[in-house]
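Inspection log for the structure reproduced underneath, given as structure tokens.
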Amino acid sequence: MLSFNHVQYGYNSELIFKDLTFNLLPGDFTFIIGKSGAGKSTLMQMVYMNILPDSGTVDIGEFSSTTIKPRMLPELRKKLGVVFQDFKLLSDRNIYENLSFILESIGTPKRLIKQKINDVLTDVGLIHRRFGMPNELSGGEQQRVGIARAMIKEPILFLADEPTGNLDPETSEEIMELIKNINNRGTSVLITTHDYDMVKKINAKVIKLIDGIAVDYKI
């Protein structure tokens, strides 16, 4: 599914990863933790292949950082559902249009778009807000839309970079329940977080980034 093999990467003369190695298997739920500056967001960018290693390899299914070409990136990213801390919704489009934009961009037949949007918004509990604008939604509702946007592509891997970082504890728990449901359906999940209390509540694998390497961690 996903493997980092002896990855080394530096930025501005600072070594971020010196020998980063770990695997994510189909159906896994894994947290990435570590102090600020440990490389959590850089790791996510490598999974998305916005950043490539200086040495070592990142492999996702049939895609490898050693052979990836720019023309191959759209096909890779179709297989990845990504959720951000700051939502990144299109502010000038309503929720339905935010989701239809994603489906149109990956070539979904028009006859399927309405049903796919209605299904995913029902899953995240926002079917009644489908014509609302992003600025009319609470932070938790916006993150639900972010999850819907990630899942509407039916990805093999769900990525979330600090998905509850801007949310209150109650809303954070609701968001994590949605993500657990996604994993229960068979989608692999990889989450970066600094919220150790949240990690303690979920039975998942935990990897801590320490001094440029990945360490299996028990909380």
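Residues in the structure tokens are named by chain (A, B, ... in the order shown) and by number from 1 within that chain; ligands are numbered from 1 in the order shown.
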
From a DSSP calculation on the backbone, collect every residue of stretch 115-197 of chain A in alpha helix (DSSP H) and output the set as an MDAnalysis selection string. chainID A and resid 115:123 139:151 169:184 196:197

All residues 9 Å or closer to stretch 149-160 of chain A, only C-alpha atoms, same chain fewer than 2 positions away omitted, as a ChimeraX atom specification: /A:1-2,26-27,44,47,77-85,98-99,102-103,106,116-117,119-120,144-147,162-163,179,182-183,186-193

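Coordinates place atom CA of A:Lys208 at a distance of 12.4 Å from atom CA of A:Gly37.
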
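Those residues that approach A:Pro70 to within 12 Å, counting only C-alpha atoms, are Met49, Asn50, Ile51, Leu52, Phe63, Ser65, Thr67, Leu73, Pro74, Glu75, Leu76 and Arg77 of chain A; same-chain residues fewer than 3 positions away are not listed.
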
Find the spatial neighbours of A:Thr171, counting only C-alpha atoms, within a cut-off of 9 Å - ignore same-chain residues fewer than 4 positions away - and output them as a list of chain:residue names. A:Gly139, A:Gly140, A:Thr164, A:Leu167, A:Ile175, A:Met176

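Here atom CA of A:Ser13 and atom CA of A:Ile32 stand 23.9 Å from one another.
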
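Using only C-alpha atoms, the shortest contact distance between A:Leu15 and any of A:Val206, A:Ala38, A:Ile95, A:Ile33 is found at A:Ala38.
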
Identify all residues of stretch 36-111 of chain A in strand (DSSP E) (DSSP on the backbone) and supply them as a ChimeraX atom specification. /A:55-60,63-64,80-83

Output N, CA and C atoms of each residue in that selection to a file, as an mmCIF file, in the first residue's frame.
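File part_29.cif, as written:
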```
data_model
loop_
_atom_site.group_PDB
_atom_site.id
_atom_site.type_symbol
_atom_site.label_atom_id
_atom_site.label_comp_id
_atom_site.auth_asym_id
_atom_site.auth_seq_id
_atom_site.Cartn_x
_atom_site.Cartn_y
_atom_site.Cartn_z
ATOM 1 N N SER A 55 17.161 10.814 -1.105
ATOM 2 C CA SER A 55 17.540 9.416 -1.337
ATOM 3 C C SER A 55 16.516 8.522 -0.664
ATOM 4 N N GLY A 56 16.543 7.230 -1.002
ATOM 5 C CA GLY A 56 15.507 6.330 -0.536
ATOM 6 C C GLY A 56 14.283 6.430 -1.439
ATOM 7 N N THR A 57 13.220 5.693 -1.093
ATOM 8 C CA THR A 57 12.038 5.655 -1.944
ATOM 9 C C THR A 57 10.751 5.756 -1.127
ATOM 10 N N VAL A 58 9.751 6.346 -1.763
ATOM 11 C CA VAL A 58 8.380 6.320 -1.270
ATOM 12 C C VAL A 58 7.556 5.602 -2.324
ATOM 13 N N ASP A 59 6.877 4.529 -1.929
ATOM 14 C CA ASP A 59 6.078 3.731 -2.861
ATOM 15 C C ASP A 59 4.628 3.714 -2.408
ATOM 16 N N ILE A 60 3.726 3.985 -3.343
ATOM 17 C CA ILE A 60 2.286 3.941 -3.094
ATOM 18 C C ILE A 60 1.666 3.100 -4.194
ATOM 19 N N PHE A 63 2.977 3.198 -7.800
ATOM 20 C CA PHE A 63 3.719 4.439 -8.000
ATOM 21 C C PHE A 63 4.938 4.488 -7.073
ATOM 22 N N SER A 64 6.058 4.991 -7.594
ATOM 23 C CA SER A 64 7.291 5.105 -6.816
ATOM 24 C C SER A 64 7.910 6.476 -7.039
ATOM 25 N N LEU A 80 -5.847 9.157 -3.734
ATOM 26 C CA LEU A 80 -5.608 9.708 -2.408
ATOM 27 C C LEU A 80 -6.703 10.699 -2.040
ATOM 28 N N GLY A 81 -7.280 10.533 -0.856
ATOM 29 C CA GLY A 81 -8.217 11.511 -0.322
ATOM 30 C C GLY A 81 -7.526 12.310 0.756
ATOM 31 N N VAL A 82 -7.526 13.640 0.621
ATOM 32 C CA VAL A 82 -6.725 14.479 1.515
ATOM 33 C C VAL A 82 -7.612 15.474 2.259
ATOM 34 N N VAL A 83 -7.405 15.570 3.574
ATOM 35 C CA VAL A 83 -8.108 16.525 4.425
ATOM 36 C C VAL A 83 -7.073 17.424 5.093
#
```

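Across the model, the gap from atom CA of A:Gly34 to atom CA of A:Leu20 is 13.4 Å.
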
I want to know what sits within 8 Å of A:Tyr9, based on only C-alpha atoms, with residues of the same chain fewer than 6 positions away left out; could you give that as a VMD selection string? chain A and resid 15 to 18 53 to 55

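Restricting the calculation to only C-alpha atoms, the smallest distance between A:Ser3 and any of A:Ala214, A:Leu209, A:Val124, A:Leu89 is found for A:Ala214.
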
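Each of A:Asp86, A:Asp168, A:Asp28, A:Asp92 was checked against A:Phe131 using only C-alpha atoms; the smallest atom-to-atom distance is that of A:Asp92.
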